[in-house]
Amino acid sequence: MRRMLSRVYSWGVLALFFASAAHAVTPELIFGIVPQQSASSLARVWIPVMQEVAARSGVRIVFRTTPDIPSFEEGLAKGTWPT
């Protein structure tokens with residue numbers, strides 16, 4: 001786990017978004033991950049980390065990415081991603 005976390009930190013996260021919904025009972029964090037690899041590769045690395053954070057914090061953690069970097073940047077610029 002420690003080695004995985006050090007790799008994750010070295011990659012960095014471009015965006016971390018807070019989301020809340022009026023109907024949500026559990027607080028929620030949406031992690032917007034830059035698609036520098038395939039979504040399945042990113043999920044394999046990030047989801048276990050997010051599950052551990054969620055278990056320790058009691059906050060629901062959501063993994064989000066886009067098919068490519070231009071889509072990611074465009075959504076950020078427009079303020080429409082991630083939702």
# chains A, B, ... in the order shown; residues from 1 in each chain; ligands from 1

$ residues_around --residues "A:Ser38" --least-positions-apart "5" --cutoff "12 Å" --atoms "only C-alpha atoms" --output "ChimeraX atom specification"
/A:33,43-45,65-69

$ write_last_selection --atoms "N, CA and C atoms" --output "PDB file, in the first residue's frame"
ATOM      1  N   ILE A  33      -9.363  12.499 -12.334  1.00  0.00           N
ATOM      2  CA  ILE A  33      -8.022  12.021 -12.625  1.00  0.00           C
ATOM      3  C   ILE A  33      -7.683  12.303 -14.087  1.00  0.00           C
ATOM      4  N   ALA A  43      -8.011   3.215 -12.968  1.00  0.00           N
ATOM      5  CA  ALA A  43      -8.916   2.642 -11.966  1.00  0.00           C
ATOM      6  C   ALA A  43      -8.195   1.602 -11.123  1.00  0.00           C
ATOM      7  N   ARG A  44      -7.362   0.782 -11.743  1.00  0.00           N
ATOM      8  CA  ARG A  44      -6.619  -0.246 -11.018  1.00  0.00           C
ATOM      9  C   ARG A  44      -5.730   0.360  -9.932  1.00  0.00           C
ATOM     10  N   VAL A  45      -5.164   1.533 -10.198  1.00  0.00           N
ATOM     11  CA  VAL A  45      -4.291   2.195  -9.229  1.00  0.00           C
ATOM     12  C   VAL A  45      -5.088   3.011  -8.224  1.00  0.00           C
ATOM     13  N   THR A  65     -12.770  10.103 -14.745  1.00  0.00           N
ATOM     14  CA  THR A  65     -11.783  10.482 -15.736  1.00  0.00           C
ATOM     15  C   THR A  65     -12.520  10.707 -17.051  1.00  0.00           C
ATOM     16  N   THR A  66     -11.794  11.071 -18.079  1.00  0.00           N
ATOM     17  CA  THR A  66     -12.372  11.282 -19.403  1.00  0.00           C
ATOM     18  C   THR A  66     -11.604  10.422 -20.407  1.00  0.00           C
ATOM     19  N   PRO A  67     -12.100  10.300 -21.635  1.00  0.00           N
ATOM     20  CA  PRO A  67     -11.401   9.470 -22.616  1.00  0.00           C
ATOM     21  C   PRO A  67     -10.020  10.005 -23.016  1.00  0.00           C
ATOM     22  N   ASP A  68      -9.845  11.334 -22.929  1.00  0.00           N
ATOM     23  CA  ASP A  68      -8.565  11.904 -23.350  1.00  0.00           C
ATOM     24  C   ASP A  68      -8.315  13.230 -22.635  1.00  0.00           C
ATOM     25  N   ILE A  69      -7.073  13.689 -22.699  1.00  0.00           N
ATOM     26  CA  ILE A  69      -6.686  14.917 -22.004  1.00  0.00           C
ATOM     27  C   ILE A  69      -7.410  16.150 -22.543  1.00  0.00           C
TER      28      ILE A  69
END

$ residues_around --residues "A:Leu42" --least-positions-apart "6" --cutoff "10 Å" --atoms "only C-alpha atoms" --output "PyMOL selection string"
chain A and resi 8+33-36+63-65
